[in-house]
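S.K.: Let me begin by handing over the structure; questions about it come next.
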Amino acid sequence: MTPSELSQILLEKTQQWLTENGHTEIQLEEIALERPKSRDHGDWATTIALKIAGSIGTNPRDLGGKLAELFSGIPGVEEASVAGPGFINIRLDASNLGAVAKQIVDAGSDYGTLQINSSKRINVEYVSANPTGPMHIGHARWAALGDSIARVLEASGADVTTEFYINDAGKQMDLFGESILAATLGEDAPEGGYKGEYVTDLANRIKNAGTDLAALPREEAIIAARESGYALQLGDLQKVLGDFRARFDVWFSERTLHAKDASGNSKISEAVETLREQGHVFEEDGATWVRTTDFGDDKDRVITRGNGIYTYFAADAAYYLDKKARGYSEKIYLLGADHHGYVHRLKAIAGAAGDDPNTDLSCIVGQLVTLRGSRLSKRAGNIVEMKDAIDDIGVDSLRYWLARYPADSPIDLDADTLTSNSNENPVFYVQYAHARTNAVARKAQESGIDGSLFSPETLNHETENALLGELQQYPLIVEIAAKWREPHRIARYLEQLAGAYHRWYDATRVVPSSAEPIESVHHSRLVLNSAAGQVLKNGLNLLGVSAPEKM
RNA sequence: GCGCCCAUAGCUCAAUGGAUAGAGCAACAGACUUCUAAUCUGUAGGUUGCAGGUUCGAGUCCUGCUGGGCGCACCA
């Protein structure tokens, strides 16, 4: 019996009881199960009595006692009892709990995939770094987080499109071109332009590819430098993100928003017109504004400047409308804390476009990565390029490390963590548990242990109960992670699961020592071992981390 | 000045509004002739920044303070 099945039965029983006792006004939607922190409290607990006692005029303890009595009669439930102020603790019988192992092995990689979001088409936009320079460790955080969020949402049943918005239009790109040209000619970078070795590298790569920027007239040279540099830089960026296993289905160029069709319209001009038709646009001081304050922004925003040029905000609006037109029920934006000011503006665009800013759009604002307490900055010379970080500590370690913290928690890295493959990184703990399941399975097979001779009731050791309890919890963790867009919950769960597995491994044996005979319990333990391996693998996969068979 | 985020063990951090707030690291004491010791067992470590409020119940929600991060353009 899975937790969701149990929950469903409890719901029916409770609703039936309410009806029979004249409380038809209460319609329960679900009964939430939670894992009691203390094992003594059983396998599952529900607070339903505490929640509804008030509305039916009884005290939670009495109601809990009545419901517990009812729940005790459910097949597969060994015991249900009321505790404390009104908790109902439920203990499943051993064979029922043990059967979970086989269910997991049978389900394989499908174990932990859900249908709760199966009606949704979700767009996840993340990283979206400017193609004017290399990405740093901060971008790696969004890459790890965004990709894992997409994986978790897919596991929850959603149809997910991942997307990277390329800021390839505007003044920054021109400055980029001028900077490359300056490096080619041995001149200083222009005011506000790009500096650093990578600019010189790009200049050299362009030269080596046979383009002689120095021979071109200045205006042409800037454009050529810009376009060549853009192609190279975007290629680098895609390579690094690909190596990092971050998936992007769509690389969306800002230029496509500016591009004019035969009648002189662009997606941006159409977006402005759309907003104007909806009545959210006004003219003032020679500029065109959107009344974003109607949607909670702290000030109205200019969309077309006095000189007729669109602001960056105009492109944002057009981009949002484009996503909407492509039919996504929800658009997720991952933003760094330094861009959190956009949230109100995006909400305003969504509202002005006729979307519900609270459900059709969600902004995940993450804290920045700091290095030993100091913010990454070029001036301080402590920028760590994403590519170098991957080379130094590996994709698995880096992804896992960056994904195991909530987005709104600042991550403070120190140089040692970055450069040493140390056991401080819990990814090894989890991966080692997975590798161990494989070693045990290999050994068991050689010893003639046969998982098809499975009898669930033999899995009754204390550590087996604990391990089965963890395994059973996995779909619930995926559900929570998907609901809250918090992949770190997967990582924390895996660490807990790995701990339960290691303790089980330590306390029991799948392969009996040579003096002992092979018994029924050993066959059953092989199945439990495989189940643990399967869940570790499924979970690591949601984080984009490999599950090695040997370490 | 206004807005968003954060404050939990010595350090880095967890904790669906639930029961006795948990891990890792660091410290100390143990466990491999037996399936992987990258593991396990034990000890020690806390007024969850401060003050109120809501609730049967608050680290979690609300208000105010203190301290820190980030942002507040007809820049991109």
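Each chain in the structure tokens gets a letter, A, B and so on, in the order shown; residues start at 1 in every chain, and ligands are counted from 1 in the order they appear.
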Can you tell me, as a ChimeraX atom specification, what residues are no more than 10 Å from Ala183 of chain A when counting only C-alpha atoms (C1' of nucleotides), ignoring any on the same chain fewer than 4 positions away?

M.R.: /A:177-179,187-189,194-197,199-204

S.K.: Take the residues that were just selected and, keeping C-alpha atoms, output them as a short mmCIF file (atom, residue, chain, number, x, y, z; two decimals), in the first residue's frame.

M.R.:
```cif
data_model
loop_
_atom_site.label_atom_id
_atom_site.label_comp_id
_atom_site.auth_asym_id
_atom_site.auth_seq_id
_atom_site.Cartn_x
_atom_site.Cartn_y
_atom_site.Cartn_z
CA GLY A 177 32.03 44.40 -30.60
CA GLU A 178 33.97 47.59 -29.89
CA SER A 179 35.83 45.87 -27.05
CA GLU A 187 43.74 49.85 -27.94
CA ASP A 188 42.14 50.35 -24.53
CA ALA A 189 38.63 49.00 -24.06
CA TYR A 194 34.46 44.58 -21.69
CA LYS A 195 37.91 43.84 -20.43
CA GLY A 196 39.77 40.76 -19.45
CA GLU A 197 41.71 38.02 -21.10
CA VAL A 199 38.20 39.51 -24.88
CA THR A 200 41.75 39.17 -26.18
CA ASP A 201 41.17 35.46 -26.65
CA LEU A 202 38.07 36.14 -28.70
CA ALA A 203 40.00 38.66 -30.80
CA ASN A 204 42.69 36.07 -31.46
#
```

S.K.: Could the residues of chain B within 6 Å of chain A, counting only C-alpha atoms (C1' of nucleotides), be given as a list in words, please?

M.R.: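 Every residue of chain B that passes the 6 Å test is in U34, C35, U36, C70, G71 and C74 of chain B.
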
S.K.: I need the residues from that last selection saved to file as a short mmCIF file (atom, residue, chain, number, x, y, z; two decimals), in the first residue's frame (with N, CA, C and O atoms (P, O5', C5', C4', C3', O3' and C1' of nucleotides)), if you can.

M.R.:
```
data_model
loop_
_atom_site.label_atom_id
_atom_site.label_comp_id
_atom_site.auth_asym_id
_atom_site.auth_seq_id
_atom_site.Cartn_x
_atom_site.Cartn_y
_atom_site.Cartn_z
P U B 34 37.31 -9.42 6.43
"O5'" U B 34 36.20 -10.54 6.55
"C5'" U B 34 35.98 -11.47 5.49
"C4'" U B 34 34.52 -11.81 5.41
"C3'" U B 34 33.61 -10.64 5.07
"O3'" U B 34 33.54 -10.43 3.66
"C1'" U B 34 32.71 -11.81 6.92
P C B 35 33.37 -9.00 3.09
"O5'" C B 35 31.91 -9.01 2.48
"C5'" C B 35 31.62 -9.86 1.37
"C4'" C B 35 30.52 -9.30 0.52
"C3'" C B 35 30.59 -7.81 0.18
"O3'" C B 35 31.44 -7.61 -0.95
"C1'" C B 35 28.36 -8.46 0.75
P U B 36 31.46 -6.12 -1.66
"O5'" U B 36 31.67 -5.04 -0.51
"C5'" U B 36 32.90 -4.98 0.19
"C4'" U B 36 33.29 -3.54 0.39
"C3'" U B 36 32.33 -2.73 1.26
"O3'" U B 36 33.10 -1.88 2.10
"C1'" U B 36 32.66 -1.61 -0.77
P C B 70 25.66 43.23 -1.50
"O5'" C B 70 24.28 43.19 -2.31
"C5'" C B 70 24.02 42.17 -3.25
"C4'" C B 70 22.60 42.24 -3.74
"C3'" C B 70 22.18 43.54 -4.40
"O3'" C B 70 22.68 43.69 -5.72
"C1'" C B 70 20.48 42.81 -2.95
P G B 71 22.90 45.16 -6.29
"O5'" G B 71 21.43 45.68 -6.56
"C5'" G B 71 20.61 45.06 -7.53
"C4'" G B 71 19.18 45.49 -7.38
"C3'" G B 71 18.89 46.95 -7.67
"O3'" G B 71 18.81 47.21 -9.05
"C1'" G B 71 17.75 46.28 -5.71
P C B 74 13.44 56.45 -15.96
"O5'" C B 74 13.33 56.43 -17.53
"C5'" C B 74 13.36 55.24 -18.27
"C4'" C B 74 13.85 55.54 -19.66
"C3'" C B 74 15.19 56.27 -19.67
"O3'" C B 74 15.91 55.84 -20.81
"C1'" C B 74 13.56 57.58 -20.75
#
```

S.K.: Might you pull out every residue within 12 Å of U43 of chain B, with only C-alpha atoms (C1' of nucleotides) counted and same-chain residues fewer than 6 positions away left off, and present them as a list of chain:residue names?

M.R.: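 Contacts, in chain order: B:A27, B:C28, B:A29, B:G30.
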
S.K.: Would you kindly return, as a list in words, each protein, DNA or RNA residue with an atom no farther than 12 Å from any atom of A21 of chain B, considering only C-alpha atoms (C1' of nucleotides) and excluding same-chain residues fewer than 4 positions away?

M.R.: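 Result of the neighbour search: Lys37 of chain A; U8, A9, A14, A15, G46, U48, G59 and U60 of chain B.
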
S.K.: Env of segment 318-321 of chain A: 12 Å cut, atoms = only C-alpha atoms (C1' of nucleotides), seq-sep filter 4 positions within chain, self excluded. Answer as number ranges by chain.

M.R.: A: 123, 125, 163-167, 252-259, 266-275, 303, 310-314, 325-328, 330-333, 345-355, 357, 360-361

S.K.: Take the residues from that selection and put them in a file with C-alpha atoms, as a compact mmCIF listing (two decimals), in the first residue's frame.

M.R.:
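selection-v1.txt written:
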```
# COMPACT_ATOMS: atom_id res chain seq x y z
CA ASN A 123 8.11 27.08 -19.39
CA GLU A 125 13.64 30.11 -18.22
CA GLU A 163 14.57 28.10 -22.26
CA PHE A 164 17.52 30.46 -22.41
CA TYR A 165 16.91 34.11 -23.31
CA ILE A 166 19.84 35.55 -25.22
CA ASN A 167 20.32 39.29 -24.75
CA PHE A 252 15.51 32.49 -27.61
CA SER A 253 17.19 35.40 -29.34
CA GLU A 254 16.15 38.88 -28.28
CA ARG A 255 16.81 39.98 -31.85
CA THR A 256 13.79 38.05 -33.04
CA LEU A 257 11.70 40.40 -30.94
CA HIS A 258 13.17 43.45 -32.67
CA ALA A 259 13.02 42.03 -36.19
CA SER A 266 8.03 43.74 -34.76
CA LYS A 267 7.01 41.55 -31.87
CA ILE A 268 7.92 44.46 -29.64
CA SER A 269 5.77 46.97 -31.48
CA GLU A 270 2.94 44.46 -31.47
CA ALA A 271 3.40 43.94 -27.73
CA VAL A 272 3.16 47.66 -27.13
CA GLU A 273 0.00 47.78 -29.21
CA THR A 274 -1.46 44.83 -27.32
CA LEU A 275 -0.82 46.55 -24.01
CA ILE A 303 8.35 51.30 -22.67
CA TYR A 310 12.25 50.89 -27.02
CA THR A 311 13.48 50.21 -23.51
CA TYR A 312 14.68 46.86 -22.32
CA PHE A 313 11.33 46.53 -20.60
CA ALA A 314 9.64 46.53 -24.01
CA ALA A 325 1.16 32.89 -27.22
CA ARG A 326 3.10 29.65 -27.28
CA GLY A 327 0.59 28.30 -24.83
CA TYR A 328 2.38 27.82 -21.52
CA GLU A 330 2.87 28.76 -16.35
CA LYS A 331 6.02 30.72 -17.01
CA ILE A 332 8.78 30.29 -14.48
CA TYR A 333 11.66 32.77 -14.32
CA ARG A 345 7.52 44.48 -13.66
CA LEU A 346 7.01 40.92 -14.87
CA LYS A 347 3.92 40.57 -12.72
CA ALA A 348 2.63 43.78 -14.22
CA ILE A 349 3.22 42.52 -17.74
CA ALA A 350 1.41 39.30 -16.89
CA GLY A 351 -1.50 41.18 -15.39
CA ALA A 352 -1.68 43.63 -18.27
CA ALA A 353 -1.66 40.73 -20.69
CA GLY A 354 -4.71 39.29 -18.99
CA ASP A 355 -2.88 36.54 -17.11
CA PRO A 357 0.20 37.20 -12.09
CA ASP A 360 0.49 32.00 -14.63
CA LEU A 361 3.86 33.45 -13.69
```

S.K.: Which of segment 18-105 of chain A counts as helix (DSSP H, G or I) under DSSP, as number ranges by chain please?

M.R.: A: 18-20, 39-41, 48-52, 54-56, 60-72, 94-105

S.K.: Skipping near chain neighbours, those fewer than 4 positions away, what residues fall within 8 Å of Leu114 of chain A using only C-alpha atoms (C1' of nucleotides), listed as a PyMOL selection string?

M.R.: chain A and resi 155-157+475+479

S.K.: Dump N, CA, C and O atoms for the selected residues as a JSON list (two decimals), in the first residue's frame?

M.R.:
```json
[["chain", "number", "residue", "atom", "x", "y", "z"],
["A", 155, "ALA", "N", 8.93, 15.02, -13.62],
["A", 155, "ALA", "CA", 8.61, 13.83, -12.83],
["A", 155, "ALA", "C", 7.21, 13.94, -12.24],
["A", 155, "ALA", "O", 6.54, 12.94, -11.99],
["A", 156, "SER", "N", 6.75, 15.16, -12.02],
["A", 156, "SER", "CA", 5.42, 15.35, -11.45],
["A", 156, "SER", "C", 4.34, 15.32, -12.53],
["A", 156, "SER", "O", 3.18, 15.53, -12.25],
["A", 157, "GLY", "N", 4.75, 15.11, -13.77],
["A", 157, "GLY", "CA", 3.80, 14.92, -14.85],
["A", 157, "GLY", "C", 3.68, 16.07, -15.82],
["A", 157, "GLY", "O", 2.99, 15.96, -16.84],
["A", 475, "PRO", "N", 7.91, 9.26, -3.26],
["A", 475, "PRO", "CA", 6.95, 10.00, -4.11],
["A", 475, "PRO", "C", 6.44, 11.27, -3.45],
["A", 475, "PRO", "O", 6.20, 12.27, -4.13],
["A", 479, "GLU", "N", 6.68, 15.09, -4.81],
["A", 479, "GLU", "CA", 5.50, 15.95, -4.87],
["A", 479, "GLU", "C", 5.76, 17.31, -4.23],
["A", 479, "GLU", "O", 5.44, 18.36, -4.79]]
```

S.K.: Any idea what the distance is between atom CA of His136 of chain A and atom CA of Val384 of chain A?

M.R.: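 Atom-to-atom, atom CA of His136 of chain A to atom CA of Val384 of chain A, that is 5.5 Å.
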
S.K.: Would you return as a list in words the members of segment 1-146 of chain A that DSSP assigns to strand (DSSP E) on this structure's backbone?

M.R.: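 Written out, the strand (DSSP E) residues of segment 1-146 of chain A are Trp44, Ala45, Thr46, Val77, Glu78, Glu79, Ala80, Ser81, Val82, Ala83, Phe87, Ile88, Asn89, Ile90, Arg91, Leu92, Arg121, Ile122, Asn123, Val124 and Glu125 of chain A.
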
S.K.: Which one is closest to Arg39 of chain A: B:A37, B:A44, B:A76, B:A19? Count only C-alpha atoms (C1' of nucleotides).

M.R.: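 Residue with the minimum atom-to-atom distance to Arg39 of chain A: B:A19.
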
S.K.: Would you mind reading off the distance between atom CA of Asn460 of chain A and atom CA of Gly98 of chain A, one decimal, in Å?

M.R.: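 Taking atom CA of Asn460 of chain A as the start and atom CA of Gly98 of chain A as the end point, the length is 7.9 Å.
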